>>> print(open('my_file-v9.csv').read())   # CSV, C-alpha atoms (C1' of nucleotides)
chain,number,residue,atom,x,y,z
A,12,MET,CA,-10.0,-8.0,27.1
A,13,LEU,CA,-9.6,-4.3,27.5
A,14,ASN,CA,-10.6,-2.4,24.5
A,15,GLU,CA,-8.1,0.4,24.9
A,16,LYS,CA,-5.1,-1.9,24.5
A,17,PHE,CA,-6.1,-2.6,21.0
A,18,ASP,CA,-6.0,1.0,20.0
A,19,ARG,CA,-2.9,0.7,18.0
A,20,TYR,CA,-2.4,-2.9,17.0
A,21,SER,CA,-3.4,-2.2,13.5
A,22,PHE,CA,-0.9,0.7,13.4
A,23,ILE,CA,1.9,-1.5,14.5
A,24,LEU,CA,0.9,-4.2,12.1
A,25,ASP,CA,0.7,-1.8,9.2
A,26,GLN,CA,4.0,-0.1,10.0
A,27,THR,CA,5.8,-3.4,10.4
A,28,ALA,CA,4.5,-4.8,7.1
A,29,LYS,CA,5.7,-1.5,5.5
A,30,LYS,CA,9.1,-1.8,7.1
A,31,VAL,CA,9.6,-5.4,5.9
A,32,LYS,CA,8.8,-4.3,2.4
A,33,GLN,CA,11.0,-1.2,2.6
A,34,PHE,CA,13.9,-3.2,4.0
A,35,ALA,CA,13.6,-5.7,1.1
A,36,GLN,CA,13.2,-3.0,-1.4
A,37,SER,CA,16.2,-1.1,-0.3
A,38,SER,CA,18.3,-4.3,-0.3
A,39,PHE,CA,17.1,-4.9,-3.9
A,40,THR,CA,17.9,-1.4,-5.0
A,41,GLU,CA,21.3,-1.4,-3.2
A,42,LYS,CA,22.2,-4.7,-5.0
A,43,GLY,CA,21.0,-3.3,-8.3
A,44,PHE,CA,18.2,-5.8,-8.8
A,45,ASP,CA,16.1,-3.4,-10.7
A,46,ILE,CA,12.8,-4.9,-9.7
A,47,THR,CA,10.2,-4.1,-7.0
A,48,VAL,CA,9.4,-6.4,-4.2
A,49,ASP,CA,5.9,-7.0,-5.7
A,50,GLN,CA,7.4,-7.8,-9.1
A,51,TRP,CA,9.7,-10.3,-7.3
A,52,ALA,CA,6.7,-12.0,-5.7
A,53,VAL,CA,5.1,-12.5,-9.1
A,54,LEU,CA,8.4,-13.7,-10.7
A,55,LYS,CA,8.9,-16.2,-7.9
A,56,ALA,CA,5.3,-17.6,-8.2
A,57,LEU,CA,5.8,-18.0,-11.9
A,58,TYR,CA,9.2,-19.7,-11.4
A,59,GLU,CA,7.7,-22.2,-9.1
A,60,ASN,CA,4.7,-22.8,-11.3
A,61,GLU,CA,4.7,-22.0,-15.0
A,62,GLN,CA,1.6,-22.1,-17.0
A,63,LEU,CA,-0.5,-20.4,-14.4
A,64,SER,CA,-3.4,-18.3,-15.7
A,65,GLN,CA,-3.3,-14.7,-14.7
A,66,LYS,CA,-6.2,-15.4,-12.4
A,67,GLU,CA,-4.5,-18.2,-10.6
A,68,LEU,CA,-1.3,-16.2,-10.4
A,69,ALA,CA,-3.1,-13.3,-8.9
A,70,LYS,CA,-4.6,-15.5,-6.2
A,71,ARG,CA,-1.2,-17.1,-5.4
A,72,CYS,CA,0.4,-13.7,-5.1
A,73,GLY,CA,-2.5,-12.2,-3.0
A,74,LYS,CA,-3.1,-9.5,-5.5
A,75,ASP,CA,-6.3,-8.5,-7.3
A,76,GLN,CA,-6.5,-9.0,-11.0
A,77,PRO,CA,-6.1,-5.4,-12.1
A,78,THR,CA,-3.0,-5.0,-10.0
A,79,LEU,CA,-1.6,-8.3,-11.4
A,80,THR,CA,-2.3,-7.3,-14.9
A,81,ARG,CA,-0.2,-4.1,-14.4
A,82,ILE,CA,2.7,-5.9,-12.7
A,83,VAL,CA,2.8,-8.5,-15.5
A,84,ASP,CA,2.8,-5.6,-18.1
A,85,ILE,CA,5.9,-4.4,-16.4
A,86,LEU,CA,7.5,-7.8,-16.4
A,87,LEU,CA,6.8,-8.1,-20.1
A,88,LYS,CA,8.4,-4.7,-20.8
A,89,LYS,CA,11.5,-5.8,-18.9
A,90,GLY,CA,11.7,-9.0,-20.9
A,91,LEU,CA,11.3,-11.2,-17.9
A,92,ALA,CA,8.0,-13.0,-18.8
A,93,GLU,CA,5.8,-13.7,-21.8
A,94,ARG,CA,2.0,-13.9,-22.1
A,95,PHE,CA,0.1,-16.4,-24.2
A,96,ILE,CA,-3.5,-17.0,-25.0
A,97,ASP,CA,-4.9,-20.3,-23.7
A,98,GLU,CA,-6.4,-21.8,-26.8
A,99,THR,CA,-8.7,-24.1,-24.7
A,100,ASP,CA,-10.3,-21.0,-23.2
A,101,ARG,CA,-9.6,-17.9,-25.2
A,102,ARG,CA,-10.6,-15.6,-22.3
A,103,SER,CA,-7.6,-16.8,-20.3
A,104,LEU,CA,-4.0,-15.9,-20.6
A,105,TYR,CA,-1.1,-17.9,-19.3
A,106,LEU,CA,2.4,-16.8,-18.6
A,107,HIS,CA,5.9,-18.1,-18.4
A,108,LEU,CA,9.3,-16.7,-17.7
A,109,THR,CA,11.8,-16.0,-20.3
A,110,GLU,CA,15.3,-17.3,-19.9
A,111,GLU,CA,16.3,-14.0,-18.6
A,112,GLY,CA,13.4,-14.2,-16.1
A,113,LYS,CA,14.5,-17.6,-14.9
A,114,LEU,CA,18.1,-16.5,-14.5
A,115,LYS,CA,16.9,-13.5,-12.5
A,116,VAL,CA,14.9,-15.6,-10.1
A,117,ALA,CA,17.7,-18.2,-9.7
A,118,SER,CA,20.3,-15.6,-9.0
A,119,LEU,CA,18.2,-13.6,-6.6
A,120,SER,CA,16.6,-16.4,-4.6
A,121,PRO,CA,19.4,-17.0,-2.2
A,122,ILE,CA,19.9,-13.3,-1.6
A,123,VAL,CA,16.2,-12.8,-0.9
A,124,ALA,CA,16.3,-15.7,1.6
A,125,GLU,CA,19.1,-13.9,3.4
A,126,ILE,CA,17.3,-10.6,3.5
A,127,ARG,CA,14.3,-12.4,5.0
A,128,MET,CA,16.2,-13.8,7.9
A,129,LYS,CA,17.3,-10.4,9.2
A,130,ALA,CA,13.8,-9.8,10.6
A,131,TRP,CA,14.0,-12.8,13.0
A,132,GLU,CA,17.1,-11.9,14.9
A,133,LYS,CA,16.5,-12.1,18.7
A,134,LEU,CA,13.3,-14.1,18.1
A,135,THR,CA,12.6,-17.8,18.7
A,136,GLU,CA,11.0,-20.7,16.8
A,137,LYS,CA,8.1,-20.4,19.2
A,138,ASP,CA,7.8,-16.7,18.3
A,139,PHE,CA,7.6,-17.6,14.7
A,140,GLU,CA,4.9,-20.2,15.3
A,141,ASP,CA,2.9,-17.9,17.5
A,142,PHE,CA,3.3,-15.1,15.0
A,143,THR,CA,2.0,-17.0,12.0
A,144,ARG,CA,-0.8,-18.6,14.0
A,145,ILE,CA,-2.0,-15.2,15.2
A,146,LEU,CA,-1.8,-13.6,11.8
A,147,ASN,CA,-3.8,-16.5,10.3
A,148,THR,CA,-6.4,-16.2,13.0
A,149,ILE,CA,-6.8,-12.5,12.5
A,150,TYR,CA,-7.0,-13.0,8.8
A,151,HIS,CA,-9.8,-15.6,9.2
A,152,ASN,CA,-11.6,-13.6,11.8
A,153,LEU,CA,-12.0,-10.7,9.3
A,154,ASN,CA,-12.5,-12.8,6.2
A,155,ALA,CA,-15.9,-14.3,7.2
B,15,MET,CA,16.2,-21.9,12.5
B,16,LEU,CA,15.4,-23.4,9.2
B,17,ASN,CA,15.4,-20.9,6.5
B,18,GLU,CA,12.6,-22.4,4.4
B,19,LYS,CA,10.0,-21.9,7.1
B,20,PHE,CA,10.4,-18.1,6.6
B,21,ASP,CA,9.6,-18.3,3.0
B,22,ARG,CA,6.2,-16.8,3.4
B,23,TYR,CA,6.1,-14.9,6.7
B,24,SER,CA,6.3,-11.6,4.8
B,25,PHE,CA,3.4,-12.7,2.6
B,26,ILE,CA,1.2,-13.6,5.6
B,27,LEU,CA,2.1,-10.4,7.3
B,28,ASP,CA,1.3,-8.3,4.2
B,29,GLN,CA,-1.9,-10.1,3.5
B,30,THR,CA,-3.1,-9.7,7.1
B,31,ALA,CA,-2.3,-6.0,7.2
B,32,LYS,CA,-4.2,-5.6,4.0
B,33,LYS,CA,-7.2,-7.6,5.3
B,34,VAL,CA,-7.3,-5.5,8.5
B,35,LYS,CA,-7.4,-2.3,6.4
B,36,GLN,CA,-10.0,-3.7,4.0
B,37,PHE,CA,-12.2,-4.9,6.9
B,38,ALA,CA,-12.1,-1.5,8.5
B,39,GLN,CA,-12.6,0.3,5.1
B,40,SER,CA,-15.7,-1.8,4.2
B,41,SER,CA,-17.2,-1.2,7.6
B,42,PHE,CA,-16.6,2.5,7.1
B,43,THR,CA,-18.2,2.4,3.7
B,44,GLU,CA,-21.1,0.3,4.8
B,45,LYS,CA,-21.8,2.8,7.6
B,46,GLY,CA,-21.6,5.7,5.2
B,47,PHE,CA,-18.5,7.3,7.0
B,48,ASP,CA,-17.2,8.7,3.7
B,49,ILE,CA,-13.5,8.7,4.7
B,50,THR,CA,-10.7,6.3,4.1
B,51,VAL,CA,-8.9,4.4,6.9
B,52,ASP,CA,-5.8,6.5,6.4
B,53,GLN,CA,-7.8,9.7,6.5
B,54,TRP,CA,-9.3,8.4,9.8
B,55,ALA,CA,-5.8,7.9,11.2
B,56,VAL,CA,-4.9,11.5,10.5
B,57,LEU,CA,-8.1,12.9,11.9
B,58,LYS,CA,-7.7,10.8,15.1
B,59,ALA,CA,-4.1,12.0,15.5
B,60,LEU,CA,-5.3,15.6,15.1
B,61,TYR,CA,-8.2,15.1,17.5
B,62,GLU,CA,-5.8,13.9,20.2
B,63,ASN,CA,-3.3,16.6,19.6
B,64,GLU,CA,-4.2,19.8,17.8
B,65,GLN,CA,-1.5,22.3,16.8
B,66,LEU,CA,0.8,19.6,15.4
B,67,SER,CA,2.9,20.6,12.5
B,68,GLN,CA,2.5,18.6,9.4
B,69,LYS,CA,5.9,17.1,10.0
B,70,GLU,CA,5.0,15.9,13.5
B,71,LEU,CA,1.6,14.7,12.3
B,72,ALA,CA,3.2,12.6,9.6
B,73,LYS,CA,5.6,11.0,12.1
B,74,ARG,CA,2.7,10.2,14.4
B,75,CYS,CA,0.7,8.7,11.7
B,76,GLY,CA,3.6,6.7,10.2
B,77,LYS,CA,3.3,8.4,6.9
B,78,ASP,CA,5.9,10.3,4.8
B,79,GLN,CA,5.4,14.0,4.2
B,80,PRO,CA,4.2,13.9,0.6
B,81,THR,CA,1.6,11.4,1.5
B,82,LEU,CA,0.5,13.4,4.5
B,83,THR,CA,0.3,16.5,2.5
B,84,ARG,CA,-2.2,14.9,0.1
B,85,ILE,CA,-4.3,13.3,2.8
B,86,VAL,CA,-4.5,16.7,4.5
B,87,ASP,CA,-5.5,18.3,1.2
B,88,ILE,CA,-8.4,15.9,1.1
B,89,LEU,CA,-9.4,16.6,4.7
B,90,LEU,CA,-9.4,20.4,3.8
B,91,LYS,CA,-11.6,19.8,0.8
B,92,LYS,CA,-14.0,17.8,3.0
B,93,GLY,CA,-14.1,20.7,5.4
B,94,LEU,CA,-12.8,18.5,8.3
B,95,ALA,CA,-9.6,20.4,9.0
B,96,GLU,CA,-7.9,23.7,8.5
B,97,ARG,CA,-4.3,24.6,7.8
B,98,PHE,CA,-2.4,27.6,9.3
B,99,ILE,CA,1.0,29.1,8.9
B,100,ASP,CA,3.1,28.9,12.1
B,101,GLU,CA,4.2,32.6,12.4
B,102,THR,CA,7.2,31.6,14.6
B,103,ASP,CA,8.5,29.5,11.8
B,104,ARG,CA,7.0,30.4,8.5
B,105,ARG,CA,8.2,27.1,6.8
B,106,SER,CA,5.9,25.2,9.1
B,107,LEU,CA,2.1,24.6,8.8
B,108,TYR,CA,0.0,23.5,11.7
B,109,LEU,CA,-3.5,22.1,11.5
B,110,HIS,CA,-6.6,21.8,13.5
B,111,LEU,CA,-10.0,20.2,13.1
B,112,THR,CA,-13.1,22.1,12.2
B,113,GLU,CA,-16.1,21.6,14.3
B,114,GLU,CA,-17.4,19.2,11.7
B,115,GLY,CA,-14.1,17.3,12.0
B,116,LYS,CA,-14.3,17.1,15.7
B,117,LEU,CA,-17.9,15.8,15.5
B,118,LYS,CA,-16.8,13.2,13.0
B,119,VAL,CA,-14.1,11.8,15.2
B,120,ALA,CA,-16.3,11.9,18.3
B,121,SER,CA,-19.1,10.0,16.6
B,122,LEU,CA,-16.9,7.5,14.8
B,123,SER,CA,-14.5,6.6,17.6
B,124,PRO,CA,-16.7,4.1,19.4
B,125,ILE,CA,-17.6,2.4,16.2
B,126,VAL,CA,-14.0,2.1,15.2
B,127,ALA,CA,-13.1,0.6,18.6
B,128,GLU,CA,-15.8,-2.0,17.9
B,129,ILE,CA,-14.5,-2.8,14.4
B,130,ARG,CA,-11.0,-3.3,15.9
B,131,MET,CA,-12.1,-5.9,18.4
B,132,LYS,CA,-13.4,-8.3,15.7
B,133,ALA,CA,-9.8,-9.3,14.8
B,134,TRP,CA,-9.1,-10.7,18.3
B,135,GLU,CA,-11.8,-13.2,18.5
B,136,LYS,CA,-10.5,-16.6,19.6
B,137,LEU,CA,-7.2,-15.0,20.7
B,138,THR,CA,-5.9,-14.4,24.2
B,139,GLU,CA,-4.3,-11.5,26.1
B,140,LYS,CA,-1.0,-13.4,25.9
B,141,ASP,CA,-1.4,-13.7,22.1
B,142,PHE,CA,-1.9,-10.0,22.0
B,143,GLU,CA,1.3,-9.3,24.0
B,144,ASP,CA,3.3,-11.8,22.0
B,145,PHE,CA,2.0,-10.3,18.8
B,146,THR,CA,2.9,-6.7,19.6
B,147,ARG,CA,6.3,-7.7,21.0
B,148,ILE,CA,7.2,-9.7,17.9
B,149,LEU,CA,6.0,-7.0,15.5
B,150,ASN,CA,8.1,-4.4,17.5
B,151,THR,CA,11.1,-6.7,17.4
B,152,ILE,CA,10.9,-7.2,13.7
B,153,TYR,CA,10.4,-3.5,13.1
B,154,HIS,CA,13.5,-2.7,15.1
B,155,ASN,CA,15.6,-5.5,13.6
B,156,LEU,CA,15.0,-3.9,10.2
B,157,ASN,CA,15.2,-0.3,11.2
B,158,ALA,CA,18.9,-0.3,12.2
C,8,DT,C1',-29.9,-22.4,-30.9
C,9,DA,C1',-30.6,-17.6,-29.2
C,10,DA,C1',-30.5,-15.1,-25.1
C,11,DA,C1',-29.0,-14.6,-20.5
C,12,DT,C1',-25.5,-15.4,-17.3
C,13,DA,C1',-20.8,-16.2,-15.8
C,14,DT,C1',-15.9,-15.8,-16.3
C,15,DA,C1',-11.0,-13.8,-17.4
C,16,DT,C1',-8.9,-9.9,-18.4
C,17,DT,C1',-8.3,-5.0,-19.1
C,18,DT,C1',-9.1,-0.1,-18.4
C,19,DG,C1',-10.2,3.9,-15.6
C,20,DT,C1',-10.2,6.4,-11.3
C,21,DC,C1',-8.9,7.5,-6.9
C,22,DA,C1',-5.9,6.8,-2.8
C,23,DT,C1',-1.6,5.7,-0.8
C,24,DA,C1',3.9,4.8,-0.7
C,25,DC,C1',8.3,6.1,-2.1
C,26,DT,C1',11.9,8.9,-4.2
C,27,DA,C1',13.7,12.9,-6.1
C,28,DA,C1',13.6,17.6,-7.0
C,29,DA,C1',11.7,22.3,-6.3
C,30,DT,C1',10.4,26.2,-3.2
C,31,DA,C1',10.4,29.0,0.8
C,32,DT,C1',12.3,29.9,5.1
C,33,DT,C1',15.5,29.5,8.8
C,34,DT,C1',19.9,28.5,11.0
C,35,DG,C1',24.9,28.2,11.1
C,36,DT,C1',29.2,30.1,9.9
C,37,DA,C1',32.9,32.8,7.8
D,18,DT,C1',26.0,40.5,7.6
D,19,DA,C1',26.3,37.5,3.4
D,20,DC,C1',26.4,32.8,2.1
D,21,DA,C1',26.1,28.0,2.8
D,22,DA,C1',23.6,24.4,4.8
D,23,DA,C1',19.6,22.6,6.9
D,24,DT,C1',14.6,22.2,7.4
D,25,DA,C1',9.3,22.1,6.2
D,26,DT,C1',6.5,21.6,2.7
D,27,DT,C1',5.0,20.8,-2.0
D,28,DT,C1',5.2,18.9,-6.7
D,29,DA,C1',6.1,15.3,-9.9
D,30,DG,C1',6.7,10.6,-11.4
D,31,DT,C1',6.2,5.7,-10.9
D,32,DA,C1',4.2,1.6,-8.5
D,33,DT,C1',0.6,-0.6,-6.1
D,34,DG,C1',-4.2,-1.4,-4.0
D,35,DA,C1',-9.2,-1.2,-4.3
D,36,DC,C1',-13.3,-0.9,-6.8
D,37,DA,C1',-16.3,-0.3,-10.9
D,38,DA,C1',-17.1,-0.7,-15.5
D,39,DA,C1',-16.0,-2.4,-20.2
D,40,DT,C1',-14.7,-6.2,-23.4
D,41,DA,C1',-14.3,-10.7,-25.1
D,42,DT,C1',-15.3,-15.4,-24.6
D,43,DA,C1',-17.7,-19.5,-22.5
D,44,DT,C1',-21.4,-21.7,-20.4
D,45,DT,C1',-26.1,-22.2,-19.1
D,46,DT,C1',-30.8,-22.2,-20.0
D,47,DA,C1',-35.2,-21.4,-22.0
>>> encode(input="my_file-v9.csv", output="structure tokens")
Amino acid sequence: MLNEKFDRYSFILDQTAKKVKQFAQSSFTEKGFDITVDQWAVLKALYENEQLSQKELAKRCGKDQPTLTRIVDILLKKGLAERFIDETDRRSLYLHLTEEGKLKVASLSPIVAEIRMKAWEKLTEKDFEDFTRILNTIYHNLNA
Amino acid sequence: MLNEKFDRYSFILDQTAKKVKQFAQSSFTEKGFDITVDQWAVLKALYENEQLSQKELAKRCGKDQPTLTRIVDILLKKGLAERFIDETDRRSLYLHLTEEGKLKVASLSPIVAEIRMKAWEKLTEKDFEDFTRILNTIYHNLNA
DNA sequence: TAAATATATTTGTCATACTAAATATTTGTA
DNA sequence: TACAAATATTTAGTATGACAAATATATTTA
């Protein structure tokens, strides 16, 4: 393959990832959700799987531990989650959502799903499959 | 299309964009390049087009103006670029690379091109075309 | 069992992203 | 021409991302 063509794929990739996040964030803000997209990702992961340790949660959300710690700090301040020491391994902390946190996820989920679909207008199922396959391949090529 | 399938495309997109950046950054660091990937993007844009105003440069690099200002500040500190007032419009600043900056871009360019190819192993030209087409479509769907 | 090693989390530092507000300058308009 | 509006840049504040180092606790090993 010609090298020159690849000049800017990482630029387009980066810009599109940013745009997806921006679009979601501005929809959140517009609807008065009062959380960031990253905070949403953590809330959603917790909603689907309570009792995760912070380490497991970080992995599921694709975030490193320092970043996760700070996002969780914010969720605590907002009263959406609580942190507990795991008595079987006192190094570990586990988390669960407060009632308010659960309500927030339940009420936002359908709206988030809607927001997500906007990106796929004018694209086909095949496009979606190709897209995720290619992204996964790139990821694994660079993860060796 | 079924909504559920789209659950995590933004996650994969985000993780892959991060991985591409990390891979490039660790290659830079390993080779002792002493710049970040974002600083590289700005240097490259300047190399290909001197006399850009900061505003134009920001646009070309896909960065907002405050971010660009800070990246440029770092490039100045590193002695890679210089900033000048545009006397035809004293609000504007334009930039150009120092000799050291030009040398840096010239010497890094081929290595960066190599790094970039790694992502495309096991993928075809058609994949590349589909990928960029889909990314562009998503971008424009969300940019309206 | 004491010491070394490993693990989970946090803290610190720097770089980047986004928003809003401040500053300087220019342009448009009454 | 004076004033209002627009534009280019910077500054400030908050959130996130990456990486290194610090802390506390567990596990392994001599």
>>> residues_around(input="my_file-v9.csv", residues="range 26-38 of chain B", least_positions_apart="6", cutoff="10 Å", atoms="all atoms listed in the file", output="ChimeraX atom specification")
/A:21-29,31-32,72-74,142-154 /B:44,50-52,126,129-130,132-133,149 /D:34-35
>>> write_last_selection(input="my_file-v9.csv", atoms="C-alpha atoms (C1' of nucleotides)", output="PDB file, in the coordinates of the input")
ATOM      1  CA  SER A  21      -3.400  -2.200  13.500  1.00  0.00           C
ATOM      2  CA  PHE A  22      -0.900   0.700  13.400  1.00  0.00           C
ATOM      3  CA  ILE A  23       1.900  -1.500  14.500  1.00  0.00           C
ATOM      4  CA  LEU A  24       0.900  -4.200  12.100  1.00  0.00           C
ATOM      5  CA  ASP A  25       0.700  -1.800   9.200  1.00  0.00           C
ATOM      6  CA  GLN A  26       4.000  -0.100  10.000  1.00  0.00           C
ATOM      7  CA  THR A  27       5.800  -3.400  10.400  1.00  0.00           C
ATOM      8  CA  ALA A  28       4.500  -4.800   7.100  1.00  0.00           C
ATOM      9  CA  LYS A  29       5.700  -1.500   5.500  1.00  0.00           C
ATOM     10  CA  VAL A  31       9.600  -5.400   5.900  1.00  0.00           C
ATOM     11  CA  LYS A  32       8.800  -4.300   2.400  1.00  0.00           C
ATOM     12  CA  CYS A  72       0.400 -13.700  -5.100  1.00  0.00           C
ATOM     13  CA  GLY A  73      -2.500 -12.200  -3.000  1.00  0.00           C
ATOM     14  CA  LYS A  74      -3.100  -9.500  -5.500  1.00  0.00           C
ATOM     15  CA  PHE A 142       3.300 -15.100  15.000  1.00  0.00           C
ATOM     16  CA  THR A 143       2.000 -17.000  12.000  1.00  0.00           C
ATOM     17  CA  ARG A 144      -0.800 -18.600  14.000  1.00  0.00           C
ATOM     18  CA  ILE A 145      -2.000 -15.200  15.200  1.00  0.00           C
ATOM     19  CA  LEU A 146      -1.800 -13.600  11.800  1.00  0.00           C
ATOM     20  CA  ASN A 147      -3.800 -16.500  10.300  1.00  0.00           C
ATOM     21  CA  THR A 148      -6.400 -16.200  13.000  1.00  0.00           C
ATOM     22  CA  ILE A 149      -6.800 -12.500  12.500  1.00  0.00           C
ATOM     23  CA  TYR A 150      -7.000 -13.000   8.800  1.00  0.00           C
ATOM     24  CA  HIS A 151      -9.800 -15.600   9.200  1.00  0.00           C
ATOM     25  CA  ASN A 152     -11.600 -13.600  11.800  1.00  0.00           C
ATOM     26  CA  LEU A 153     -12.000 -10.700   9.300  1.00  0.00           C
ATOM     27  CA  ASN A 154     -12.500 -12.800   6.200  1.00  0.00           C
TER      28      ASN A 154
ATOM     29  CA  GLU B  44     -21.100   0.300   4.800  1.00  0.00           C
ATOM     30  CA  THR B  50     -10.700   6.300   4.100  1.00  0.00           C
ATOM     31  CA  VAL B  51      -8.900   4.400   6.900  1.00  0.00           C
ATOM     32  CA  ASP B  52      -5.800   6.500   6.400  1.00  0.00           C
ATOM     33  CA  VAL B 126     -14.000   2.100  15.200  1.00  0.00           C
ATOM     34  CA  ILE B 129     -14.500  -2.800  14.400  1.00  0.00           C
ATOM     35  CA  ARG B 130     -11.000  -3.300  15.900  1.00  0.00           C
ATOM     36  CA  LYS B 132     -13.400  -8.300  15.700  1.00  0.00           C
ATOM     37  CA  ALA B 133      -9.800  -9.300  14.800  1.00  0.00           C
ATOM     38  CA  LEU B 149       6.000  -7.000  15.500  1.00  0.00           C
TER      39      LEU B 149
ATOM     40  C1'  DG D  34      -4.200  -1.400  -4.000  1.00  0.00           C
ATOM     41  C1'  DA D  35      -9.200  -1.200  -4.300  1.00  0.00           C
TER      42       DA D  35
END
>>> residues_near_point(input="my_file-v9.csv", point="(-4.4, 15.6, 19.0)", cutoff="12 Å", atoms="only C-alpha atoms (C1' of nucleotides)", output="PDB file with C-alpha atoms, in the frame of the given file")
ATOM      1  CA  ALA B  55      -5.800   7.900  11.200  1.00  0.00           C
ATOM      2  CA  VAL B  56      -4.900  11.500  10.500  1.00  0.00           C
ATOM      3  CA  LEU B  57      -8.100  12.900  11.900  1.00  0.00           C
ATOM      4  CA  LYS B  58      -7.700  10.800  15.100  1.00  0.00           C
ATOM      5  CA  ALA B  59      -4.100  12.000  15.500  1.00  0.00           C
ATOM      6  CA  LEU B  60      -5.300  15.600  15.100  1.00  0.00           C
ATOM      7  CA  TYR B  61      -8.200  15.100  17.500  1.00  0.00           C
ATOM      8  CA  GLU B  62      -5.800  13.900  20.200  1.00  0.00           C
ATOM      9  CA  ASN B  63      -3.300  16.600  19.600  1.00  0.00           C
ATOM     10  CA  GLU B  64      -4.200  19.800  17.800  1.00  0.00           C
ATOM     11  CA  GLN B  65      -1.500  22.300  16.800  1.00  0.00           C
ATOM     12  CA  LEU B  66       0.800  19.600  15.400  1.00  0.00           C
ATOM     13  CA  SER B  67       2.900  20.600  12.500  1.00  0.00           C
ATOM     14  CA  GLU B  70       5.000  15.900  13.500  1.00  0.00           C
ATOM     15  CA  LEU B  71       1.600  14.700  12.300  1.00  0.00           C
ATOM     16  CA  ARG B  74       2.700  10.200  14.400  1.00  0.00           C
ATOM     17  CA  CYS B  75       0.700   8.700  11.700  1.00  0.00           C
ATOM     18  CA  TYR B 108       0.000  23.500  11.700  1.00  0.00           C
ATOM     19  CA  LEU B 109      -3.500  22.100  11.500  1.00  0.00           C
ATOM     20  CA  HIS B 110      -6.600  21.800  13.500  1.00  0.00           C
ATOM     21  CA  LEU B 111     -10.000  20.200  13.100  1.00  0.00           C
ATOM     22  CA  LYS B 116     -14.300  17.100  15.700  1.00  0.00           C
ATOM     23  CA  VAL B 119     -14.100  11.800  15.200  1.00  0.00           C
TER      24      VAL B 119
END
>>> closest_residue(input="my_file-v9.csv", among="D:DA43, D:DA25, D:DA32, D:DC20", to="Thr78 in chain A", atoms="all atoms listed in the file")
D:DA32
>>> interface_residues(input="my_file-v9.csv", of="chain B", to="chain D", cutoff="10 Å", atoms="all atoms listed in the file", output="PyMOL selection string")
chain B and resi 32+36+67-69+79-80+83-84+103-107
>>> closest_residue(input="my_file-v9.csv", among="C:DA24, C:DA9, C:DA37, C:DA15", to="chain A", atoms="all atoms listed in the file")
C:DA15
>>> interface_residues(input="my_file-v9.csv", of="chain C", to="chain B", cutoff="12 Å", atoms="all atoms listed in the file", output="short mmCIF file (atom, residue, chain, number, x, y, z; two decimals) with C-alpha atoms (C1' of nucleotides), keeping the file's coordinate frame")
data_model
loop_
_atom_site.label_atom_id
_atom_site.label_comp_id
_atom_site.auth_asym_id
_atom_site.auth_seq_id
_atom_site.Cartn_x
_atom_site.Cartn_y
_atom_site.Cartn_z
"C1'" DC C 21 -8.90 7.50 -6.90
"C1'" DA C 22 -5.90 6.80 -2.80
"C1'" DT C 23 -1.60 5.70 -0.80
"C1'" DA C 24 3.90 4.80 -0.70
"C1'" DC C 25 8.30 6.10 -2.10
"C1'" DT C 26 11.90 8.90 -4.20
"C1'" DA C 27 13.70 12.90 -6.10
"C1'" DT C 30 10.40 26.20 -3.20
"C1'" DA C 31 10.40 29.00 0.80
"C1'" DT C 32 12.30 29.90 5.10
"C1'" DT C 33 15.50 29.50 8.80
"C1'" DT C 34 19.90 28.50 11.00
#
>>> closest_residue(input="my_file-v9.csv", among="B:Pro124, B:Glu143, B:Trp134, B:Glu113", to="chain A", atoms="all atoms listed in the file")
B:Trp134
>>> atom_distance(input="my_file-v9.csv", atom1="C1' of DT14 in chain C", atom2="CA of Lys70 in chain A")
15.2 Å
>>> closest_residue(input="my_file-v9.csv", among="A:Ile46, A:Asp138, A:Ser37, A:Ala155", to="chain B", atoms="all atoms listed in the file")
A:Asp138
>>> atom_distance(input="my_file-v9.csv", atom1="CA of Thr102 in chain B", atom2="C1' of DT36 in chain C")
22.5 Å
>>> closest_residue(input="my_file-v9.csv", among="A:Tyr20, A:Phe39, A:Ala117, A:Phe44", to="chain B", atoms="all atoms listed in the file")
A:Tyr20
>>> closest_residue(input="my_file-v9.csv", among="B:Leu89, B:Phe98, B:Asp48, B:Ser41", to="chain A", atoms="only C-alpha atoms")
B:Ser41
>>> atom_distance(input="my_file-v9.csv", atom1="CA of Ser118 in chain A", atom2="CA of Phe139 in chain A")
27.0 Å
